[in-house]
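work.tsv, holding TSV, C-alpha atoms and all ligand atoms:
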chain	number	residue	atom	x	y	z
V	1	MET	CA	-13.19	29.73	-6.17
V	2	LEU	CA	-16.00	27.93	-4.34
V	3	LEU	CA	-15.07	28.86	-0.76
V	4	LYS	CA	-13.35	32.24	-0.98
V	5	ASP	CA	-12.68	33.71	2.51
V	6	LYS	CA	-14.76	31.03	4.27
V	7	VAL	CA	-13.38	29.57	7.52
V	8	ALA	CA	-13.44	25.76	7.57
V	9	LEU	CA	-12.78	23.53	10.58
V	10	ILE	CA	-12.02	19.93	9.59
V	11	THR	CA	-11.45	16.99	11.96
V	12	GLY	CA	-9.42	13.96	10.95
V	13	ALA	CA	-7.51	16.36	8.69
V	14	GLY	CA	-4.18	14.61	9.16
V	15	SER	CA	-4.93	11.76	6.76
V	16	GLY	CA	-7.11	10.45	3.96
V	17	ILE	CA	-10.41	12.23	3.23
V	18	GLY	CA	-9.85	14.96	5.83
V	19	ARG	CA	-6.39	15.80	4.55
V	20	ALA	CA	-7.53	15.87	0.90
V	21	SER	CA	-10.49	18.05	1.88
V	22	ALA	CA	-8.34	20.49	3.84
V	23	ILE	CA	-6.10	20.90	0.81
V	24	ARG	CA	-9.05	21.22	-1.59
V	25	PHE	CA	-10.92	23.71	0.64
V	26	ALA	CA	-7.77	25.86	0.81
V	27	GLN	CA	-7.42	25.69	-2.98
V	28	GLU	CA	-11.00	26.94	-3.14
V	29	GLY	CA	-10.04	29.98	-1.04
V	30	ALA	CA	-10.98	28.85	2.48
V	31	LYS	CA	-8.96	29.49	5.62
V	32	VAL	CA	-8.59	26.03	7.11
V	33	VAL	CA	-8.17	24.65	10.61
V	34	ALA	CA	-6.82	21.11	10.28
V	35	ALA	CA	-7.54	19.18	13.49
V	36	ASP	CA	-6.47	15.64	14.29
V	37	LEU	CA	-5.68	13.29	17.15
V	38	ARG	CA	-2.15	13.11	15.76
V	39	PRO	CA	-0.73	16.65	15.95
V	40	GLU	CA	2.17	15.93	13.63
V	41	SER	CA	-0.09	14.80	10.77
V	42	ALA	CA	-2.40	17.80	11.25
V	43	ALA	CA	0.69	20.03	11.16
V	44	ASN	CA	1.84	18.34	7.91
V	45	THR	CA	-1.50	19.09	6.28
V	46	ALA	CA	-1.37	22.72	7.43
V	47	SER	CA	2.19	23.20	6.20
V	48	GLU	CA	1.38	21.66	2.82
V	49	ILE	CA	-1.42	24.22	2.49
V	50	GLY	CA	0.86	27.04	3.66
V	51	ASN	CA	3.63	26.02	1.24
V	52	ALA	CA	1.12	26.19	-1.61
V	53	GLY	CA	0.19	29.76	-0.64
V	54	GLY	CA	-2.97	28.98	1.36
V	55	THR	CA	-3.93	29.79	4.93
V	56	ALA	CA	-4.11	27.01	7.51
V	57	LYS	CA	-3.60	26.30	11.17
V	58	SER	CA	-3.31	22.90	12.80
V	59	LEU	CA	-4.75	21.76	16.11
V	60	ALA	CA	-4.52	18.61	18.19
V	61	VAL	CA	-7.90	17.25	19.28
V	62	ASP	CA	-9.41	14.03	20.53
V	63	VAL	CA	-13.00	14.35	19.28
V	64	ARG	CA	-14.16	11.93	22.01
V	65	ASN	CA	-13.44	14.60	24.60
V	66	GLY	CA	-15.97	17.43	24.85
V	67	THR	CA	-13.54	19.79	26.58
V	68	GLU	CA	-11.00	19.32	23.79
V	69	VAL	CA	-13.62	19.85	21.07
V	70	GLU	CA	-14.81	23.05	22.77
V	71	ARG	CA	-11.18	24.24	22.90
V	72	MET	CA	-10.75	23.39	19.19
V	73	VAL	CA	-13.80	25.50	18.34
V	74	ASN	CA	-12.64	28.38	20.56
V	75	GLU	CA	-9.14	28.33	19.05
V	76	THR	CA	-10.66	28.46	15.56
V	77	MET	CA	-12.70	31.50	16.61
V	78	ARG	CA	-9.60	33.14	18.09
V	79	ALA	CA	-7.57	32.49	14.94
V	80	PHE	CA	-10.09	33.42	12.25
V	81	GLY	CA	-13.06	35.07	14.02
V	82	ARG	CA	-15.80	32.82	12.64
V	83	ILE	CA	-16.69	29.27	11.56
V	84	ASP	CA	-18.47	28.98	8.23
V	85	ILE	CA	-17.88	25.28	7.61
V	86	LEU	CA	-17.60	22.43	10.10
V	87	PHE	CA	-16.50	19.13	8.59
V	88	ASN	CA	-16.85	16.41	11.26
V	89	ASN	CA	-14.81	13.76	9.53
V	90	ALA	CA	-12.61	11.91	12.05
V	91	GLY	CA	-13.42	8.21	12.15
V	92	VAL	CA	-12.15	4.76	13.12
V	93	PHE	CA	-13.47	1.24	12.63
V	94	VAL	CA	-13.19	-2.30	14.00
V	95	PRO	CA	-14.05	-5.11	11.55
V	96	LYS	CA	-16.11	-7.29	13.90
V	97	ASN	CA	-19.73	-8.32	14.31
V	98	VAL	CA	-21.55	-7.44	17.53
V	99	VAL	CA	-20.73	-10.75	19.23
V	100	GLU	CA	-17.01	-10.34	18.57
V	101	THR	CA	-16.92	-6.63	19.49
V	102	THR	CA	-15.69	-5.83	22.99
V	103	GLU	CA	-17.27	-3.05	25.04
V	104	GLU	CA	-14.01	-1.11	24.78
V	105	GLU	CA	-14.03	-1.39	20.96
V	106	TRP	CA	-17.70	-0.34	20.84
V	107	ASP	CA	-16.96	2.73	22.95
V	108	TRP	CA	-13.91	3.67	20.85
V	109	VAL	CA	-15.73	3.48	17.51
V	110	VAL	CA	-19.00	5.04	18.66
V	111	ASP	CA	-17.27	7.79	20.63
V	112	VAL	CA	-15.02	8.84	17.72
V	113	CYS	CA	-17.58	8.45	14.93
V	114	LEU	CA	-20.81	9.59	16.63
V	115	LYS	CA	-20.10	11.36	19.94
V	116	GLY	CA	-17.34	13.34	18.20
V	117	VAL	CA	-19.87	14.61	15.65
V	118	PHE	CA	-22.25	15.55	18.49
V	119	PHE	CA	-19.51	17.52	20.27
V	120	GLY	CA	-18.45	19.31	17.07
V	121	CYS	CA	-22.02	20.40	16.36
V	122	LYS	CA	-22.75	21.28	20.00
V	123	TYR	CA	-19.84	23.70	20.26
V	124	ALA	CA	-19.69	25.14	16.71
V	125	ILE	CA	-23.40	25.77	16.05
V	126	PRO	CA	-23.76	28.67	18.55
V	127	HIS	CA	-20.90	30.49	16.77
V	128	MET	CA	-22.47	29.78	13.37
V	129	ILE	CA	-25.78	31.20	14.58
V	130	LYS	CA	-24.05	34.37	15.82
V	131	GLY	CA	-22.17	34.57	12.50
V	132	GLY	CA	-25.37	34.38	10.44
V	133	GLY	CA	-25.23	30.75	9.31
V	134	GLY	CA	-22.95	27.97	8.19
V	135	VAL	CA	-22.58	24.50	6.74
V	136	ILE	CA	-22.00	21.23	8.60
V	137	ILE	CA	-20.79	18.17	6.75
V	138	ASN	CA	-20.62	14.93	8.72
V	139	THR	CA	-18.77	11.94	7.33
V	140	ALA	CA	-21.02	8.92	7.65
V	141	SER	CA	-20.47	5.92	5.35
V	142	GLY	CA	-22.13	3.62	2.87
V	143	ALA	CA	-22.24	1.41	5.97
V	144	GLY	CA	-24.56	3.98	7.54
V	145	ILE	CA	-27.28	3.36	4.94
V	146	GLU	CA	-26.72	-0.28	3.86
V	147	GLY	CA	-25.98	-3.43	5.85
V	148	VAL	CA	-22.32	-4.41	5.66
V	149	PRO	CA	-20.89	-7.59	7.23
V	150	ARG	CA	-18.73	-7.38	10.37
V	151	LEU	CA	-19.01	-3.67	11.10
V	152	GLY	CA	-21.28	-3.81	14.17
V	153	ALA	CA	-20.18	-0.72	16.12
V	154	TYR	CA	-19.23	1.24	13.00
V	155	GLN	CA	-22.63	0.67	11.37
V	156	ALA	CA	-24.41	1.81	14.52
V	157	ALA	CA	-22.30	4.96	14.71
V	158	LYS	CA	-22.56	5.83	11.01
V	159	GLY	CA	-26.30	5.18	10.87
V	160	GLY	CA	-26.53	7.51	13.87
V	161	VAL	CA	-24.58	10.18	12.00
V	162	VAL	CA	-26.97	9.96	9.03
V	163	ILE	CA	-30.11	10.45	11.10
V	164	MET	CA	-28.60	12.97	13.53
V	165	SER	CA	-27.55	15.10	10.54
V	166	LYS	CA	-31.14	15.17	9.28
V	167	GLY	CA	-32.40	16.29	12.68
V	168	ILE	CA	-29.75	19.02	12.93
V	169	ALA	CA	-30.75	20.23	9.46
V	170	LEU	CA	-34.32	20.67	10.72
V	171	ASP	CA	-33.39	22.20	14.07
V	172	PHE	CA	-31.18	24.92	12.60
V	173	ALA	CA	-32.54	25.58	9.10
V	174	ARG	CA	-34.04	28.92	10.18
V	175	ASP	CA	-30.60	29.89	11.50
V	176	LYS	CA	-29.33	29.47	7.94
V	177	ILE	CA	-27.30	26.40	8.87
V	178	ARG	CA	-27.28	23.55	6.38
V	179	CYS	CA	-26.31	20.08	7.60
V	180	VAL	CA	-25.63	17.04	5.42
V	181	SER	CA	-23.90	13.70	5.79
V	182	ILE	CA	-21.78	12.03	3.15
V	183	CYS	CA	-21.69	8.28	2.65
V	184	PRO	CA	-18.51	7.09	0.95
V	185	GLY	CA	-18.00	3.60	-0.41
V	186	VAL	CA	-14.50	2.19	-0.07
V	187	ILE	CA	-12.03	5.05	-0.44
V	188	GLU	CA	-8.30	4.37	-0.71
V	189	THR	CA	-6.99	5.97	2.48
V	190	PRO	CA	-4.75	4.68	5.29
V	191	ILE	CA	-7.76	4.10	7.60
V	192	ALA	CA	-7.09	0.37	7.94
V	193	GLU	CA	-3.45	0.96	8.91
V	194	ASN	CA	-4.40	3.90	11.17
V	195	CYS	CA	-6.78	1.63	13.09
V	196	ASN	CA	-4.13	-1.13	13.29
V	197	GLN	CA	-6.47	-3.45	11.42
V	198	ILE	CA	-3.99	-4.55	8.76
V	199	PRO	CA	-0.21	-4.70	8.66
V	200	ALA	CA	1.51	-1.72	7.02
V	201	GLY	CA	1.90	-2.27	3.28
V	202	ALA	CA	-1.00	-4.73	2.92
V	203	SER	CA	-3.30	-2.11	1.37
V	204	PRO	CA	-2.81	-2.86	-2.36
V	205	ALA	CA	-4.20	-6.43	-2.13
V	206	MET	CA	-7.08	-5.26	0.04
V	207	TRP	CA	-7.92	-2.42	-2.34
V	208	SER	CA	-7.95	-4.61	-5.43
V	209	ARG	CA	-10.47	-6.96	-3.78
V	210	SER	CA	-12.77	-4.23	-2.53
V	211	GLY	CA	-12.78	-2.32	-5.82
V	212	MET	CA	-15.03	-4.93	-7.43
V	213	MET	CA	-17.75	-4.34	-4.82
V	214	HIS	CA	-18.57	-1.07	-6.53
V	215	PRO	CA	-20.53	-1.24	-9.80
V	216	LEU	CA	-18.01	1.25	-11.28
V	217	GLY	CA	-15.38	-1.46	-10.67
V	218	ARG	CA	-12.94	0.52	-8.54
V	219	ASN	CA	-12.49	2.15	-5.16
V	220	GLY	CA	-12.87	5.88	-4.66
V	221	LYS	CA	-10.12	8.43	-4.10
V	222	PRO	CA	-9.97	10.87	-1.18
V	223	GLU	CA	-9.76	13.74	-3.69
V	224	GLU	CA	-13.15	12.70	-5.12
V	225	VAL	CA	-14.74	12.91	-1.66
V	226	ALA	CA	-12.98	16.25	-1.11
V	227	ALA	CA	-14.52	17.59	-4.33
V	228	LEU	CA	-18.00	16.56	-3.14
V	229	ALA	CA	-17.41	18.16	0.26
V	230	ALA	CA	-16.19	21.41	-1.34
V	231	PHE	CA	-19.35	21.58	-3.46
V	232	LEU	CA	-21.65	20.80	-0.52
V	233	ALA	CA	-19.89	23.43	1.61
V	234	SER	CA	-20.27	26.07	-1.09
V	235	GLU	CA	-23.12	28.43	-1.90
V	236	GLN	CA	-23.72	26.42	-5.08
V	237	ALA	CA	-25.28	23.81	-2.78
V	238	GLY	CA	-27.34	26.49	-1.00
V	239	PHE	CA	-30.67	24.58	-1.31
V	240	ILE	CA	-29.25	21.23	-0.17
V	241	THR	CA	-29.71	20.24	3.46
V	242	GLY	CA	-30.75	17.21	5.51
V	243	VAL	CA	-29.59	14.66	2.94
V	244	ALA	CA	-27.20	11.71	3.12
V	245	VAL	CA	-25.15	11.84	-0.06
V	246	PRO	CA	-23.61	8.58	-1.29
V	247	ILE	CA	-20.25	8.76	-3.07
V	248	ASP	CA	-19.77	5.08	-3.70
V	249	GLY	CA	-19.35	4.12	-7.34
V	250	GLY	CA	-22.96	2.93	-7.47
V	251	PHE	CA	-22.84	0.64	-4.43
V	252	ASN	CA	-26.02	2.13	-2.95
V	253	ALA	CA	-27.82	1.71	-6.30
V	254	GLY	CA	-27.93	-2.07	-5.89
V	255	ALA	CA	-24.48	-3.63	-5.68
V	256	TRP	CA	-26.11	-6.90	-4.61
V	257	PHE	CA	-26.92	-7.53	-8.30
V	258	PRO	CA	-24.43	-10.13	-9.58
V	259	PRO	CA	-21.79	-8.53	-11.83
V	260	GLU	CA	-23.03	-10.43	-14.94
V	261	LEU	CA	-26.41	-8.69	-14.63
V	262	ARG	CA	-24.92	-5.25	-14.23
V	263	ASN	CA	-22.29	-5.30	-16.97
V	264	SER	CA	-19.26	-4.92	-14.66
V	301	LIG	N1	-11.78	5.09	3.71
V	301	LIG	C1	-12.98	4.57	3.53
V	301	LIG	O1	-13.16	3.56	2.81
V	301	LIG	C2	-14.18	5.19	4.20
V	301	LIG	C3	-15.45	4.78	3.78
V	301	LIG	C4	-16.58	5.35	4.36
V	301	LIG	C5	-16.43	6.29	5.37
V	301	LIG	N2	-15.18	6.65	5.76
V	301	LIG	C6	-15.07	7.64	6.82
V	301	LIG	O2	-14.32	8.74	6.35
V	301	LIG	C7	-13.73	9.41	7.46
V	301	LIG	C8	-12.26	9.64	7.18
V	301	LIG	O3	-11.64	8.37	7.07
V	301	LIG	P1	-10.35	8.12	6.18
V	301	LIG	O4	-10.64	6.95	5.33
V	301	LIG	O5	-9.86	9.37	5.60
V	301	LIG	O6	-9.38	7.56	7.35
V	301	LIG	P2	-7.94	8.01	7.84
V	301	LIG	O7	-7.53	7.03	8.88
V	301	LIG	O8	-7.05	8.21	6.66
V	301	LIG	O9	-8.23	9.43	8.52
V	301	LIG	C9	-8.94	9.52	9.73
V	301	LIG	C10	-8.25	10.54	10.60
V	301	LIG	O10	-9.01	10.65	11.82
V	301	LIG	C11	-8.09	10.81	12.87
V	301	LIG	N3	-8.68	10.41	14.16
V	301	LIG	C12	-8.91	9.15	14.61
V	301	LIG	N4	-9.40	9.19	15.85
V	301	LIG	C13	-9.51	10.51	16.19
V	301	LIG	C14	-9.94	11.18	17.34
V	301	LIG	N5	-10.35	10.51	18.44
V	301	LIG	N6	-9.92	12.54	17.36
V	301	LIG	C15	-9.49	13.22	16.27
V	301	LIG	N7	-9.04	12.63	15.14
V	301	LIG	C16	-9.05	11.28	15.11
V	301	LIG	C17	-6.92	9.90	12.51
V	301	LIG	O11	-5.74	10.28	13.22
V	301	LIG	C18	-6.82	10.13	11.01
V	301	LIG	O12	-5.91	11.16	10.69
V	301	LIG	C19	-14.01	8.54	8.68
V	301	LIG	O13	-15.12	9.06	9.39
V	301	LIG	C20	-14.35	7.21	8.07
V	301	LIG	O14	-15.17	6.43	8.92
V	301	LIG	C21	-14.06	6.14	5.20
Give the structure from this file in structure tokens form.
Amino acid sequence: MLLKDKVALITGAGSGIGRASAIRFAQEGAKVVAADLRPESAANTASEIGNAGGTAKSLAVDVRNGTEVERMVNETMRAFGRIDILFNNAGVFVPKNVVETTEEEWDWVVDVCLKGVFFGCKYAIPHMIKGGGGVIINTASGAGIEGVPRLGAYQAAKGGVVIMSKGIALDFARDKIRCVSICPGVIETPIAENCNQIPAGASPAMWSRSGMMHPLGRNGKPEEVAALAAFLASEQAGFITGVAVPIDGGFNAGAWFPPELRNS
């Protein structure tokens, strides 16, 4: 088991990558706090873990709100006495360029994706320091390291997550805190439905189109991102910090090459 007896706090754990990671972390022996804006989906994740014999608690949180994030951290401390792993994963997107994006949409995306990561780190790090160290994983995106059309606010937020994670890694390395960001390509999760960007049920057509963007010729699965996160959170990754790790089927390697030149 990679995470035996570790305490992991995961945001956005009611769906997609966060849910798969909560389940995987529990399978690896961690005690999990599954936090989400939607309390019922966080509770579903926690009960799935409990039914499989793991230990989990669910919490409602809006990561845009510092008071709520501080409460989430304090409730995790009350429940399990420490925080070894913080996985700042909640995220939303709006598929618009900067001219089309309204101020309200900008604030929504940047507050969830970037300010939420700031709040998580701000309130969890002091407990990690007192506990002798920890690991922070922040979900950025392939769109945080490469230009992607029509993702104005999202790109700004995710690029911010990448560089903020590097700075945090430097600031707290001597406190034995590692901090990394992960940069997924397109992962088949309900994010588009959750952000009301596509009608329910439209995913399959969207997924088949986006799969070909990746040199490996398919989209990723939330369980594959969960496996990466479990490794990065574990002591096996003990010398890894300050990096942005792509998990993108080769997109970051040069997906702009036409398919005929890259044999896919
Ligand atoms: N799916 C992809 O293709 C993809 C690609 C790159 C990066 N990402 C990133 O991965 C992360 C997880 O996305 P996903 O694909 O699993 O999406 P998802 O919609 O399945 O899960 C995101 C979860 O975050 C929660 N959430 C939204 N706003 C919140 C808030 N204010 N406070 C707390 N929770 C909130 C949602 O309720 C949802 O359960 C996000 O940061 C996303 O930007 C996803």
Which residues of chain V sit at most 7 Å from ligand LIG 301 (chain V), using all atoms listed in the file? Give each one's shortest atom pair and distance in Å (one decimal place), in chain and ascending residue order, as JSON lines.
{"residue": "V:Thr11", "atom": "CA", "partner": "V:LIG301", "partner_atom": "N7", "distance": 5.9}
{"residue": "V:Gly12", "atom": "CA", "partner": "V:LIG301", "partner_atom": "O10", "distance": 3.4}
{"residue": "V:Ala13", "atom": "CA", "partner": "V:LIG301", "partner_atom": "O12", "distance": 5.8}
{"residue": "V:Gly14", "atom": "CA", "partner": "V:LIG301", "partner_atom": "O12", "distance": 4.2}
{"residue": "V:Ser15", "atom": "CA", "partner": "V:LIG301", "partner_atom": "O12", "distance": 4.1}
{"residue": "V:Gly16", "atom": "CA", "partner": "V:LIG301", "partner_atom": "O5", "distance": 3.4}
{"residue": "V:Ile17", "atom": "CA", "partner": "V:LIG301", "partner_atom": "O5", "distance": 3.8}
{"residue": "V:Gly18", "atom": "CA", "partner": "V:LIG301", "partner_atom": "O5", "distance": 5.6}
{"residue": "V:Ala35", "atom": "CA", "partner": "V:LIG301", "partner_atom": "C15", "distance": 6.9}
{"residue": "V:Asp36", "atom": "CA", "partner": "V:LIG301", "partner_atom": "N7", "distance": 4.0}
{"residue": "V:Leu37", "atom": "CA", "partner": "V:LIG301", "partner_atom": "C15", "distance": 3.9}
{"residue": "V:Arg38", "atom": "CA", "partner": "V:LIG301", "partner_atom": "O11", "distance": 5.2}
{"residue": "V:Ser41", "atom": "CA", "partner": "V:LIG301", "partner_atom": "O12", "distance": 6.9}
{"residue": "V:Val61", "atom": "CA", "partner": "V:LIG301", "partner_atom": "C15", "distance": 5.3}
{"residue": "V:Asp62", "atom": "CA", "partner": "V:LIG301", "partner_atom": "N6", "distance": 3.5}
{"residue": "V:Val63", "atom": "CA", "partner": "V:LIG301", "partner_atom": "N6", "distance": 4.1}
{"residue": "V:Arg64", "atom": "CA", "partner": "V:LIG301", "partner_atom": "N5", "distance": 5.4}
{"residue": "V:Asn89", "atom": "CA", "partner": "V:LIG301", "partner_atom": "O13", "distance": 4.7}
{"residue": "V:Ala90", "atom": "CA", "partner": "V:LIG301", "partner_atom": "O10", "distance": 3.8}
{"residue": "V:Gly91", "atom": "CA", "partner": "V:LIG301", "partner_atom": "O13", "distance": 3.4}
{"residue": "V:Val92", "atom": "CA", "partner": "V:LIG301", "partner_atom": "O14", "distance": 5.4}
{"residue": "V:Phe93", "atom": "CA", "partner": "V:LIG301", "partner_atom": "O14", "distance": 6.6}
{"residue": "V:Val112", "atom": "CA", "partner": "V:LIG301", "partner_atom": "N5", "distance": 5.0}
{"residue": "V:Cys113", "atom": "CA", "partner": "V:LIG301", "partner_atom": "O13", "distance": 6.1}
{"residue": "V:Thr139", "atom": "CA", "partner": "V:LIG301", "partner_atom": "O13", "distance": 5.1}
{"residue": "V:Ala140", "atom": "CA", "partner": "V:LIG301", "partner_atom": "C5", "distance": 5.8}
{"residue": "V:Ser141", "atom": "CA", "partner": "V:LIG301", "partner_atom": "C4", "distance": 4.1}
{"residue": "V:Gly142", "atom": "CA", "partner": "V:LIG301", "partner_atom": "C4", "distance": 6.0}
{"residue": "V:Cys183", "atom": "CA", "partner": "V:LIG301", "partner_atom": "C4", "distance": 6.1}
{"residue": "V:Pro184", "atom": "CA", "partner": "V:LIG301", "partner_atom": "C4", "distance": 4.3}
{"residue": "V:Gly185", "atom": "CA", "partner": "V:LIG301", "partner_atom": "C3", "distance": 5.0}
{"residue": "V:Val186", "atom": "CA", "partner": "V:LIG301", "partner_atom": "O1", "distance": 3.5}
{"residue": "V:Ile187", "atom": "CA", "partner": "V:LIG301", "partner_atom": "O1", "distance": 3.7}
{"residue": "V:Glu188", "atom": "CA", "partner": "V:LIG301", "partner_atom": "N1", "distance": 5.7}
{"residue": "V:Thr189", "atom": "CA", "partner": "V:LIG301", "partner_atom": "O4", "distance": 4.7}
{"residue": "V:Pro190", "atom": "CA", "partner": "V:LIG301", "partner_atom": "O8", "distance": 4.4}
{"residue": "V:Ile191", "atom": "CA", "partner": "V:LIG301", "partner_atom": "O7", "distance": 3.2}
{"residue": "V:Ala192", "atom": "CA", "partner": "V:LIG301", "partner_atom": "O7", "distance": 6.7}
{"residue": "V:Asn194", "atom": "CA", "partner": "V:LIG301", "partner_atom": "O7", "distance": 5.0}
{"residue": "V:Cys195", "atom": "CA", "partner": "V:LIG301", "partner_atom": "O7", "distance": 6.9}
{"residue": "V:Pro222", "atom": "CA", "partner": "V:LIG301", "partner_atom": "O5", "distance": 6.9}
| remark: Here atom CA of V:Val94 and atom CA of V:Gly147 stand apart by 15.2 Å
| said: Which polymer residues, whether protein, DNA or RNA, lie within 10 Å of the coordinate (-9.8, 29.5, 1.9) when you count all atoms listed in the file? List them as a ChimeraX atom specification, using the chain letters and numbers from the file. | reply: /V:1-8,22-32,49,54-56
| task | Quote the spacing between atom CA of V:Glu193 and atom CA of V:Leu86 in Å to one decimal place. | result |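 Result for atom CA of V:Glu193 versus atom CA of V:Leu86: 25.7 Å, one decimal.
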Contacts of V:Trp207 at 8 Å or less, counting all atoms listed in the file, minus same-chain residues fewer than 3 places along, as a PDB file with C-alpha atoms, in the coordinates of the input?
ATOM      1  CA  GLU V 188      -8.300   4.370  -0.710  1.00  0.00           C
ATOM      2  CA  SER V 203      -3.300  -2.110   1.370  1.00  0.00           C
ATOM      3  CA  PRO V 204      -2.810  -2.860  -2.360  1.00  0.00           C
ATOM      4  CA  SER V 210     -12.770  -4.230  -2.530  1.00  0.00           C
ATOM      5  CA  GLY V 211     -12.780  -2.320  -5.820  1.00  0.00           C
ATOM      6  CA  ASN V 219     -12.490   2.150  -5.160  1.00  0.00           C
TER       7      ASN V 219
END
| task | Take atom CA of V:Glu224 and atom CA of V:Ile247 and report the distance between them in Å, one decimal. | result |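 Those two atoms sit 8.4 Å apart.
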Box in all listed atoms of stretch 233-242 of chain V, axis-aligned, with 3 Å more on each side; write out centre and edge lengths in Å to one decimal as lines of an AutoDock Vina configuration file.
center_x = -25.3
center_y = 22.8
center_z = 0.2
size_x = 16.9
size_y = 17.2
size_z = 16.6
Could you list, with a cut-off of 10 Å and counting only C-alpha atoms, the residues of stretch 189-263 of chain V near stretch 156-179 of chain V, each shown with its nearest atom pair and the distance in Å rounded to one decimal, rows sorted by chain and ascending number, as a tab-separated table?
residue	atom	partner	partner_atom	distance
V:Leu232	CA	V:Arg178	CA	9.3
V:Ala233	CA	V:Arg178	CA	8.8
V:Ala237	CA	V:Arg178	CA	9.4
V:Gly238	CA	V:Arg178	CA	7.9
V:Phe239	CA	V:Arg178	CA	8.5
V:Ile240	CA	V:Arg178	CA	7.2
V:Thr241	CA	V:Arg178	CA	5.0
V:Gly242	CA	V:Lys166	CA	4.3
V:Val243	CA	V:Lys166	CA	6.5
V:Ala244	CA	V:Val162	CA	6.2
V:Val245	CA	V:Val162	CA	9.5
| task | Tell me, as number ranges by chain, which residues lie within 7 Å of stretch 115-121 of chain V, counting all atoms listed in the file; anything in the same chain fewer than 4 positions away does not count. | result | V: 63-64, 66, 69, 88, 110-111, 125, 138
| message | Calculated over all atoms listed in the file, which of the candidates V:Ala229, V:Ala200, V:Ala253, V:Met72 has the smallest distance to V:Phe87? | response |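 Distance minimum relative to V:Phe87 lands on V:Ala229.
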| said: If we count all atoms listed in the file and set the cut-off at 8 Å, which residues sit around V:Arg150, ignoring sequence neighbours fewer than 2 positions away in its own chain? Please answer as a ChimeraX atom specification. | reply: /V:95-98,148,152
| said: Calculated over all atoms listed in the file, which of the candidates V:Gln155, V:Ser58, V:Ser181, V:Thr67 has the smallest distance to V:Ala79? | reply: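 Nearest candidate to V:Ala79 out of V:Gln155, V:Ser58, V:Ser181, V:Thr67: V:Ser58.
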| note | Using all atoms listed in the file, the best pick from V:Gly250, V:Pro258, V:Gly132, V:Gly53 as closest to V:Gly217 would be V:Gly250
